[in-house]
Each structure stands twice: as C-alpha cells, then as structure tokens.
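Structure data follow from target_22.csv (CSV, C-alpha atoms):
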```
chain,number,residue,atom,x,y,z
A,1,MET,CA,-31.3,184.7,165.6
A,2,LYS,CA,-34.1,183.4,163.5
A,3,ASN,CA,-37.6,184.4,162.5
A,4,ASN,CA,-39.9,184.2,159.6
A,5,ALA,CA,-41.4,187.5,160.6
A,6,ILE,CA,-39.8,190.9,161.2
A,7,VAL,CA,-37.3,190.7,164.0
A,8,SER,CA,-38.4,192.3,167.2
A,9,LEU,CA,-36.8,192.7,170.6
A,10,ILE,CA,-38.6,191.2,173.5
A,11,ALA,CA,-36.4,192.7,176.2
A,12,THR,CA,-33.6,195.2,176.5
A,13,THR,CA,-31.1,192.5,176.8
A,14,SER,CA,-32.5,189.6,174.9
A,15,PHE,CA,-34.2,188.8,171.6
A,16,ALA,CA,-36.6,186.1,170.6
A,17,PHE,CA,-37.3,185.0,167.0
A,18,ALA,CA,-40.2,182.6,166.4
A,19,SER,CA,-42.0,180.9,163.6
A,20,ALA,CA,-44.7,178.3,163.4
A,21,SER,CA,-42.1,175.6,163.5
A,22,CYS,CA,-39.3,176.9,165.8
A,23,SER,CA,-38.3,179.4,168.5
A,24,VAL,CA,-34.7,180.2,168.9
A,25,SER,CA,-33.3,182.4,171.7
A,26,SER,CA,-30.6,184.9,171.0
A,27,PRO,CA,-27.2,184.5,172.5
A,28,VAL,CA,-27.9,186.7,175.4
A,29,ALA,CA,-30.5,184.2,176.6
A,30,ALA,CA,-28.0,181.4,176.9
A,31,PRO,CA,-27.9,179.8,180.4
A,32,VAL,CA,-24.9,180.2,182.6
A,33,GLY,CA,-22.8,177.2,183.2
A,34,THR,CA,-19.4,176.0,184.5
A,35,ASN,CA,-16.4,177.4,182.7
A,36,GLN,CA,-15.1,174.4,180.8
A,37,LEU,CA,-11.9,176.4,179.9
A,38,ASP,CA,-10.4,175.7,183.3
A,39,ASN,CA,-8.6,172.7,181.8
A,40,SER,CA,-6.9,174.8,179.2
A,41,VAL,CA,-3.2,176.0,179.4
A,42,ARG,CA,-4.2,179.0,181.5
A,43,SER,CA,-3.2,178.9,185.2
A,44,SER,CA,-5.3,180.4,188.0
A,45,ASP,CA,-3.1,183.5,188.2
A,46,HIS,CA,-3.1,184.0,184.4
A,47,VAL,CA,-6.8,183.7,183.5
A,48,GLY,CA,-7.8,186.0,180.7
A,49,ALA,CA,-4.4,186.4,179.2
A,50,ILE,CA,-2.7,184.9,176.2
A,51,ARG,CA,0.0,182.4,177.2
A,52,PRO,CA,3.3,184.3,176.6
A,53,THR,CA,5.7,181.3,176.4
A,54,ARG,CA,6.2,181.4,172.6
A,55,ALA,CA,5.3,183.5,169.6
A,56,ARG,CA,2.5,182.6,167.3
A,57,PRO,CA,3.6,183.6,163.9
A,58,ASN,CA,0.7,181.8,162.2
A,59,GLY,CA,-2.0,183.9,164.0
A,60,LEU,CA,-4.9,183.6,166.3
A,61,LEU,CA,-8.6,182.7,166.0
A,62,PHE,CA,-11.2,184.4,168.2
A,63,VAL,CA,-14.5,182.8,169.0
A,64,ALA,CA,-17.3,184.5,171.0
A,65,ASN,CA,-18.3,182.4,174.0
A,66,VAL,CA,-21.6,184.0,175.1
A,67,ARG,CA,-22.3,181.5,177.9
A,68,ASN,CA,-19.1,182.4,179.8
A,69,ASN,CA,-19.0,186.1,178.7
A,70,ALA,CA,-15.6,185.5,177.1
A,71,VAL,CA,-13.8,185.5,173.7
A,72,ASP,CA,-12.0,182.3,173.5
A,73,ILE,CA,-8.5,182.4,171.8
A,74,TYR,CA,-7.2,179.6,169.7
A,75,GLU,CA,-4.1,179.1,167.6
A,76,LYS,CA,-5.2,179.5,164.0
A,77,GLU,CA,-3.2,176.6,162.7
A,78,PRO,CA,-3.8,172.9,163.6
A,79,PRO,CA,-4.3,171.5,166.2
A,80,ASN,CA,-5.9,174.9,167.1
A,81,ALA,CA,-4.9,174.8,170.7
A,82,LEU,CA,-6.9,176.9,173.1
A,83,VAL,CA,-4.4,179.5,174.4
A,84,GLY,CA,-6.4,181.9,176.5
A,85,ASP,CA,-9.5,184.2,176.6
A,86,ILE,CA,-10.6,187.7,176.9
A,87,THR,CA,-13.2,188.6,179.6
A,88,ASP,CA,-12.6,192.2,180.4
A,89,GLY,CA,-15.5,194.2,179.0
A,90,ILE,CA,-17.1,191.1,177.4
A,91,VAL,CA,-20.8,190.6,178.3
A,92,GLY,CA,-22.9,188.7,175.7
A,93,PRO,CA,-20.3,188.7,172.9
A,94,ASN,CA,-21.6,188.3,169.4
A,95,GLY,CA,-20.2,189.5,166.1
A,96,MET,CA,-16.5,190.3,165.9
A,97,ALA,CA,-13.9,191.8,163.4
A,98,VAL,CA,-10.2,192.4,163.2
A,99,ASP,CA,-8.9,195.5,161.5
A,100,ALA,CA,-5.7,196.0,159.4
A,101,SER,CA,-3.7,196.9,162.6
A,102,GLY,CA,-4.8,193.7,164.4
A,103,ASN,CA,-7.3,195.4,166.7
A,104,LEU,CA,-10.2,193.1,167.7
A,105,PHE,CA,-13.7,194.6,167.8
A,106,VAL,CA,-16.4,192.8,169.8
A,107,ALA,CA,-20.1,193.6,169.8
A,108,ASN,CA,-21.4,193.0,173.3
A,109,VAL,CA,-25.2,192.6,173.3
A,110,ASP,CA,-25.7,192.4,177.1
A,111,ASN,CA,-23.8,195.5,178.2
A,112,GLN,CA,-24.6,197.5,175.0
A,113,THR,CA,-21.0,198.2,174.0
A,114,VAL,CA,-18.5,197.6,171.3
A,115,THR,CA,-15.1,196.9,172.9
A,116,VAL,CA,-11.7,197.1,171.1
A,117,TYR,CA,-8.6,195.1,172.0
A,118,PRO,CA,-5.1,195.9,170.6
A,119,PRO,CA,-2.9,193.0,169.5
A,120,HIS,CA,-1.7,190.8,172.3
A,121,SER,CA,-3.9,192.6,174.8
A,122,THR,CA,-6.9,191.4,176.8
A,123,LYS,CA,-7.8,194.9,178.1
A,124,PRO,CA,-10.0,197.1,176.0
A,125,SER,CA,-8.4,200.3,174.6
A,126,ARG,CA,-11.7,201.7,173.6
A,127,THR,CA,-15.3,201.1,174.5
A,128,TYR,CA,-18.1,202.4,172.2
A,129,THR,CA,-21.4,203.3,173.9
A,130,ASN,CA,-22.8,206.1,171.8
A,131,GLY,CA,-25.5,205.4,169.3
A,132,SER,CA,-27.3,207.7,166.9
A,133,ASN,CA,-29.0,211.0,167.9
A,134,HIS,CA,-27.2,211.2,171.2
A,135,HIS,CA,-28.7,207.9,172.4
A,136,ARG,CA,-26.8,205.0,173.9
A,137,LEU,CA,-26.3,201.8,171.9
A,138,THR,CA,-29.2,199.4,172.7
A,139,ASN,CA,-28.3,196.0,171.3
A,140,PRO,CA,-25.1,195.9,169.2
A,141,LEU,CA,-25.1,192.6,167.4
A,142,ASN,CA,-22.3,192.7,164.8
A,143,VAL,CA,-19.4,194.7,163.6
A,144,ALA,CA,-17.2,195.2,160.4
A,145,ILE,CA,-14.3,197.4,159.5
A,146,GLY,CA,-13.7,199.2,156.2
A,147,ASN,CA,-10.2,199.6,154.7
A,148,ASP,CA,-10.6,203.4,155.5
A,149,GLY,CA,-11.0,202.6,159.2
A,150,MET,CA,-14.8,203.1,159.2
A,151,LEU,CA,-16.5,201.0,161.9
A,152,TYR,CA,-19.9,199.5,161.1
A,153,VAL,CA,-22.2,198.3,163.9
A,154,VAL,CA,-25.5,196.5,163.6
A,155,ASN,CA,-27.6,197.9,166.5
A,156,TYR,CA,-31.1,196.6,167.3
A,157,HIS,CA,-33.6,199.2,168.7
A,158,ARG,CA,-35.7,198.4,171.7
A,159,LEU,CA,-38.9,196.4,171.6
A,160,GLY,CA,-40.4,196.2,168.1
A,161,GLN,CA,-38.5,199.1,166.6
A,162,GLY,CA,-36.3,197.2,164.1
A,163,SER,CA,-32.6,197.6,163.6
A,164,GLN,CA,-30.0,200.0,162.1
A,165,VAL,CA,-26.4,200.0,160.9
A,166,LEU,CA,-24.3,202.8,162.4
A,167,GLU,CA,-21.1,204.1,160.8
A,168,TYR,CA,-18.2,205.5,163.0
A,169,PRO,CA,-15.3,207.2,161.2
A,170,ARG,CA,-11.8,206.1,162.2
A,171,ASN,CA,-11.1,207.2,165.8
A,172,SER,CA,-14.5,208.7,166.4
A,173,MET,CA,-16.7,207.4,169.2
A,174,ASN,CA,-19.8,208.8,167.7
A,175,PRO,CA,-21.6,207.6,164.6
A,176,THR,CA,-22.0,210.1,161.7
A,177,ILE,CA,-24.5,207.9,159.7
A,178,ALA,CA,-27.4,205.7,160.8
A,179,ILE,CA,-28.9,203.4,158.2
A,180,GLU,CA,-32.4,202.4,159.3
A,181,MET,CA,-33.3,198.8,158.2
A,182,ILE,CA,-36.8,197.5,157.5
A,183,GLY,CA,-36.1,194.2,159.3
A,184,GLY,CA,-33.4,192.7,161.4
A,185,ALA,CA,-29.9,193.2,160.1
A,186,GLU,CA,-27.5,190.3,160.6
A,187,GLY,CA,-24.4,190.1,158.4
A,188,LEU,CA,-21.9,192.9,157.4
A,189,ALA,CA,-19.2,192.9,154.8
A,190,VAL,CA,-17.2,195.8,153.2
A,191,ASP,CA,-15.5,195.6,149.9
A,192,ALA,CA,-12.2,197.2,148.7
A,193,ASN,CA,-14.1,200.3,147.6
A,194,ASN,CA,-15.9,200.6,150.9
A,195,ASN,CA,-19.2,199.5,149.6
A,196,LEU,CA,-21.2,198.0,152.5
A,197,TYR,CA,-23.2,194.8,152.2
A,198,VAL,CA,-25.9,194.0,154.8
A,199,SER,CA,-27.9,190.8,155.2
A,200,GLU,CA,-31.3,191.3,156.9
A,201,ASN,CA,-34.4,189.3,157.6
A,202,VAL,CA,-37.8,190.6,156.7
A,203,GLN,CA,-41.3,189.0,156.5
A,204,VAL,CA,-40.6,187.2,153.3
A,205,GLY,CA,-37.2,185.8,154.3
A,206,GLY,CA,-33.6,186.9,154.1
A,207,ARG,CA,-32.0,189.3,151.6
A,208,ILE,CA,-28.8,191.2,151.0
A,209,LEU,CA,-28.5,194.9,150.3
A,210,LYS,CA,-25.6,196.9,149.0
A,211,PHE,CA,-24.9,200.5,150.1
A,212,ARG,CA,-22.4,202.8,148.4
A,213,PRO,CA,-20.0,204.7,150.8
A,214,ARG,CA,-21.9,207.1,153.1
A,215,SER,CA,-25.3,206.2,151.5
A,216,THR,CA,-28.3,205.3,153.6
A,217,THR,CA,-30.2,203.9,150.6
A,218,GLY,CA,-29.4,200.3,149.7
A,219,ARG,CA,-29.9,198.3,146.6
A,220,ASP,CA,-31.5,194.8,147.0
A,221,LEU,CA,-29.1,192.4,145.2
A,222,GLY,CA,-32.0,190.0,144.5
A,223,ILE,CA,-30.5,187.2,146.6
A,224,ALA,CA,-33.1,185.2,148.4
A,225,LEU,CA,-32.2,183.4,151.6
A,226,ASN,CA,-34.4,181.5,154.1
A,227,PHE,CA,-32.9,183.2,157.1
A,228,ALA,CA,-29.8,185.4,156.6
A,229,GLY,CA,-26.8,185.1,158.9
A,230,GLY,CA,-23.2,186.3,158.6
A,231,LEU,CA,-21.5,187.6,155.5
A,232,ALA,CA,-17.9,187.8,154.1
A,233,LEU,CA,-16.3,188.8,150.8
A,234,ASP,CA,-13.5,186.8,149.2
A,235,SER,CA,-10.5,188.1,147.2
A,236,SER,CA,-12.5,187.9,144.0
A,237,GLY,CA,-15.4,189.9,145.3
A,238,ASN,CA,-17.7,186.9,145.8
A,239,LEU,CA,-20.2,187.2,148.6
A,240,VAL,CA,-20.1,184.3,151.1
A,241,ALA,CA,-23.5,184.2,152.8
A,242,CYS,CA,-24.8,182.1,155.7
A,243,ASP,CA,-28.3,180.8,155.5
A,244,GLN,CA,-29.1,179.7,159.0
A,245,THR,CA,-32.2,177.6,158.4
A,246,ALA,CA,-31.1,176.0,155.1
A,247,PRO,CA,-28.6,175.3,156.7
A,248,ALA,CA,-25.9,176.2,154.1
A,249,VAL,CA,-23.2,178.7,153.2
A,250,TYR,CA,-23.6,180.1,149.7
A,251,VAL,CA,-21.0,181.7,147.4
A,252,PHE,CA,-22.4,184.4,145.1
A,253,PRO,CA,-20.3,185.8,142.3
A,254,PRO,CA,-20.6,189.6,141.7
A,255,GLY,CA,-24.0,190.4,140.2
A,256,ALA,CA,-25.3,186.8,140.6
A,257,THR,CA,-28.5,185.9,142.4
A,258,LYS,CA,-27.8,182.1,142.3
A,259,PRO,CA,-24.8,180.6,144.1
A,260,SER,CA,-21.8,179.2,142.3
A,261,LYS,CA,-21.0,177.0,145.3
A,262,THR,CA,-23.0,175.6,148.2
A,263,ILE,CA,-21.3,174.4,151.4
A,264,THR,CA,-23.3,172.1,153.6
A,265,GLY,CA,-22.8,169.2,156.0
A,266,GLY,CA,-21.8,169.0,159.6
A,267,PHE,CA,-23.0,172.3,160.9
A,268,LEU,CA,-26.6,173.0,162.1
A,269,ASP,CA,-26.7,176.8,162.3
A,270,PRO,CA,-24.1,178.7,160.3
A,271,TYR,CA,-24.1,182.0,162.1
A,272,HIS,CA,-20.9,183.9,161.3
A,273,VAL,CA,-18.0,183.3,158.9
A,274,ALA,CA,-14.5,184.8,158.6
A,275,PHE,CA,-11.6,184.3,156.2
A,276,GLY,CA,-8.0,183.6,157.1
A,277,GLN,CA,-5.2,186.0,156.0
A,278,HIS,CA,-4.8,184.8,152.4
A,279,PHE,CA,-8.4,183.7,151.8
A,280,GLN,CA,-7.3,180.0,151.8
A,281,ARG,CA,-9.3,179.1,154.9
A,282,LEU,CA,-12.9,179.9,155.8
A,283,TYR,CA,-13.9,179.7,159.5
A,284,LEU,CA,-17.5,179.1,160.4
A,285,ALA,CA,-19.2,179.5,163.8
A,286,ASP,CA,-22.0,177.1,164.3
A,287,ALA,CA,-24.4,178.5,166.9
A,288,ALA,CA,-26.3,175.2,167.4
A,289,SER,CA,-23.6,172.5,167.5
A,290,ASP,CA,-21.2,174.9,169.3
A,291,ASN,CA,-18.3,174.0,167.0
A,292,VAL,CA,-16.1,176.0,164.6
A,293,PHE,CA,-15.7,174.4,161.2
A,294,ILE,CA,-12.6,175.1,159.1
A,295,TYR,CA,-12.8,174.9,155.3
A,296,SER,CA,-10.3,174.9,152.5
A,297,TYR,CA,-11.3,177.8,150.2
A,298,PRO,CA,-12.5,177.9,147.5
A,299,SER,CA,-13.0,174.2,147.4
A,300,GLY,CA,-15.3,174.2,150.5
A,301,THR,CA,-13.7,171.0,151.8
A,302,VAL,CA,-13.6,170.6,155.6
A,303,VAL,CA,-10.0,170.5,156.9
A,304,GLY,CA,-10.7,170.8,160.6
A,305,THR,CA,-13.2,171.2,163.4
A,306,ILE,CA,-12.8,172.8,166.8
A,307,GLN,CA,-14.9,170.9,169.2
A,308,ARG,CA,-16.4,173.2,171.8
A,309,THR,CA,-18.7,173.0,174.8
A,310,PHE,CA,-20.3,176.4,174.5
A,311,ARG,CA,-22.1,178.1,171.6
A,312,ALA,CA,-20.0,179.7,168.9
A,313,PHE,CA,-21.4,183.0,167.8
A,314,GLY,CA,-18.8,185.4,166.5
A,315,VAL,CA,-15.6,184.4,164.8
A,316,ALA,CA,-12.6,186.5,163.8
A,317,VAL,CA,-9.0,185.9,162.6
A,318,ASN,CA,-5.8,187.8,163.2
A,319,PRO,CA,-4.1,188.5,160.8
A,320,PRO,CA,-7.3,189.3,159.0
A,321,ALA,CA,-8.1,188.8,155.3
A,322,LEU,CA,-7.7,192.2,153.7
A,323,LEU,CA,-9.2,193.2,150.3
```
Write-out of the structure in structure tokens:
Amino acid sequence: MKNNAIVSLIATTSFAFASASCSVSSPVAAPVGTNQLDNSVRSSDHVGAIRPTRARPNGLLFVANVRNNAVDIYEKEPPNALVGDITDGIVGPNGMAVDASGNLFVANVDNQTVTVYPPHSTKPSRTYTNGSNHHRLTNPLNVAIGNDGMLYVVNYHRLGQGSQVLEYPRNSMNPTIAIEMIGGAEGLAVDANNNLYVSENVQVGGRILKFRPRSTTGRDLGIALNFAGGLALDSSGNLVACDQTAPAVYVFPPGATKPSKTITGGFLDPYHVAFGQHFQRLYLADAASDNVFIYSYPSGTVVGTIQRTFRAFGVAVNPPALL
C-alpha cells in the first residue's frame, strides 16, 4: 500500500493509495484468477491440507496469496516445495505472524478478521472480530506477537479516518489498548522487552515509532523512509525496515537513523519480511513481482527465490525467530 499523502480507505473492503506518479491498489483489490496451485502435490480430495506423507523437521514458510484467498505453504528449506495451503477463514490475507507455540496468525482484510491456526492445522482455532470500543474490526492489515503472548493488530478505520494498533492480551478476544495513529500504520515488530515498533506513512513520508509496553504514546526514532512497509528485529536488536518505493530493505542499528546495511536488487515492492528460526535467513515478500526472496543474514546475499504466479503479501516462518 503506497501513498505520499495520509492513507485513507476508499471502501470498506479496499484501499487506494495514490500520488502524482503512481496509484497502487491494496491487496483486497486484486483480481480473481485461476488457481495455479492445482499442479501442486495436493490431490482433489486433500485441498487445503498439508501433505502428511513425511515430517518436515526444517519447518514451513507461509505466504499470503490474496488473489486465491489462501495462505500458501512451502517447505522452508530448498527447494522450497509447495506442500499445501490454508483456505478456511482466509479472505484477503495480508500480514501474518507465528508465535512461540507455532500458531499462525493471519490478518484478513476482506472479512475483517484475524484467524489463528494451530501447528499442522488448516482449520482456525480462534477468529478475532472485536475491535476497540465494542466495534467490529474494520480492515485488519498486519499482526505481531510479543513474547508475553500479546497480539498486536494494525486496523484501518473506515473512509478517511486513519488507522490504529490494537493490543489483545494472551487468550483475550478483546483489545485492552488502542493506539491511534496519525497516518497509515504498516509494519509491526516487538523486541525482547515487549517494546512495540510501528512503521507508518504520513504526508511527509514513512517513519518508525517506538512504544513502551502498554503505552499509547510513541517516540519517533528519526528514521526517514520514502514509503514504509514491513518491519522485523534481528537478534542484535537491529531494525530491518522495508521501504516500498525505494525499493530497498534497510538495517538500522539501535539508536541509529542511518542504515548500516542496504539490501536491494531483484525485488520491486518489498512489502513484508520475516526471519527464520536462528536469524540466518531473511524472507521477503515482493508485492509487485509476486516472488519471495530468501537472503543469507546478515550478509544480505540472495540464496534463493520462490517463483510465484500470485502476489506475495504476508510472509511468516515456523519455527519462528524468537528474541
């Protein structure tokens, strides 16, 4: 989602972000097409399930497939075989996260829910629908999980009313805190001390704010981005930030406003990123080229690419990288 102005919703189930030079639709506006996954290992009577023929000790990679209303499931290690998908409860999937227990959280923009899938399951065990002040979620865009089990959800208000970050305590279906954002929130990351980092886009460009636990007042870190996308934290506390229009992925050491490393090349729209279990691999979802790029970290060297037919928005890894 991109804009050089404050982000605004143009419909209850779609966003549009425009500037003088470009207009980019949100994932919910993507056209419907033929399911290209029919050539995968799944059979007609086993669609939507992970192939159970052998264990996958190296883990799984999840990629949001908004065009088919699915979360595609790949083996995490090369050759990154497509092994199944999740469709139950998935409508307009966007940001995703995996918690310490291996539960997958998916933000569904088009049916205004966050759905949760236990390990090895394609059926949701929980579905979040409640927003702040007894209202329903309107446009949940992204999710993150703290090491205390707190669920963070980026939720866009309806037409022209901005965005917020909602905080749900462990096992609670109702948020206890709502952080109102000036612009359009995009990326979320949570450090080992449960400080929350939020990237958002305002009139002058993208920025990153840091919120102490349970605080609704953030501190601008002084990081300037063209158009902010996803966020992640590495094991050293460096912020890994997507700049969608640069296009680039920047690594910012703690307290720094200039990057110590810049990752470029190959991708067109770095939308979301996620680390593998030991922070040795960084997975990047490219919302324009549709592909997922895999980098050795911290070198930033490309070690693999998952070629896809449909847009890649959210990306998550199980086992997750834990701080």
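Between atom CA of A:Asn139 and atom CA of A:Gly230 lies a distance of 16.8 Å.
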- Message: So that I can see what lies close to stretch 172-182 of chain A, please list as an MDAnalysis selection string the residues with an atom at most 8 Å from it, counting only C-alpha atoms and leaving out residues fewer than 6 positions away in the same chain.
- Response: chainID A and resid 128:132 162:166 200 202 214 216:217
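Considering all atoms listed in the file, the residue among A:His120, A:Lys210, A:Arg219, A:Arg170 positioned nearest to A:Gly102 is A:His120.
Atom CA of A:Pro79 to atom CA of A:Gly59 spans 12.8 Å [interatomic distance, one decimal].
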- Find the residues with any atom within 8 Å of (-11.1, 191.6, 180.0); use only C-alpha atoms and the coordinates as given in the file, and write the answer as a PyMOL selection string. chain A and resi 48+86-90+122-124
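Non-sequential neighbours of A:Asn194 (distance at most 9 Å, separation of 6 or more positions within a chain, all atoms listed in the file) are Gly146, Asn147, Asp148, Met150, Arg212 and Pro213 of chain A.
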- Determine the nearest neighbour of A:Gly314 from the options A:Thr113, A:Asn65, A:Gln280, A:Ser299, counting all atoms listed in the file. A:Asn65
Can you pull out the residues contacting stretch 254-265 of chain A? Cut-off 10 Å, using all atoms listed in the file, and skip same-chain residues under 3 positions away; I want them as a compact mmCIF listing (two decimals) with C-alpha atoms, in the frame of the given file.
```txt
# COMPACT_ATOMS: atom_id res chain seq x y z
CA LEU A 221 -29.10 192.40 145.20
CA GLY A 222 -32.00 190.00 144.50
CA ILE A 223 -30.50 187.20 146.60
CA ALA A 224 -33.10 185.20 148.40
CA SER A 236 -12.50 187.90 144.00
CA GLY A 237 -15.40 189.90 145.30
CA ASN A 238 -17.70 186.90 145.80
CA LEU A 239 -20.20 187.20 148.60
CA VAL A 240 -20.10 184.30 151.10
CA ALA A 241 -23.50 184.20 152.80
CA CYS A 242 -24.80 182.10 155.70
CA ALA A 246 -31.10 176.00 155.10
CA PRO A 247 -28.60 175.30 156.70
CA ALA A 248 -25.90 176.20 154.10
CA VAL A 249 -23.20 178.70 153.20
CA TYR A 250 -23.60 180.10 149.70
CA VAL A 251 -21.00 181.70 147.40
CA LEU A 268 -26.60 173.00 162.10
CA PRO A 270 -24.10 178.70 160.30
CA TYR A 295 -12.80 174.90 155.30
CA PRO A 298 -12.50 177.90 147.50
CA SER A 299 -13.00 174.20 147.40
CA GLY A 300 -15.30 174.20 150.50
CA THR A 301 -13.70 171.00 151.80
CA VAL A 302 -13.60 170.60 155.60
```
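Proximity to A:Glu186 at 9 Å, evaluated using all atoms listed in the file and with sequence-adjacent residues fewer than 4 positions away removed, yields Met1, Leu141, Asn142, Val154, Val198, Ser199, Glu200, Asn201, Ala228, Gly229, Gly230 and Leu231 of chain A.
Across the structure, atom CA of A:Leu151 and atom CA of A:Thr245 are spaced 28.4 Å apart.
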- Note on the structure: Restricting to all atoms listed in the file, whichever of A:Leu225, A:Val143, A:Ile294, A:Val190 is closest to A:Arg207 is A:Leu225
- Leaving out A:Leu61 and any residue of its chain fewer than 5 positions from it, which residues lie within 10 Å of it when counting only C-alpha atoms, given as a VMD selection string? chain A and resid 71 to 77 80 to 83 274 276 283 315 to 320
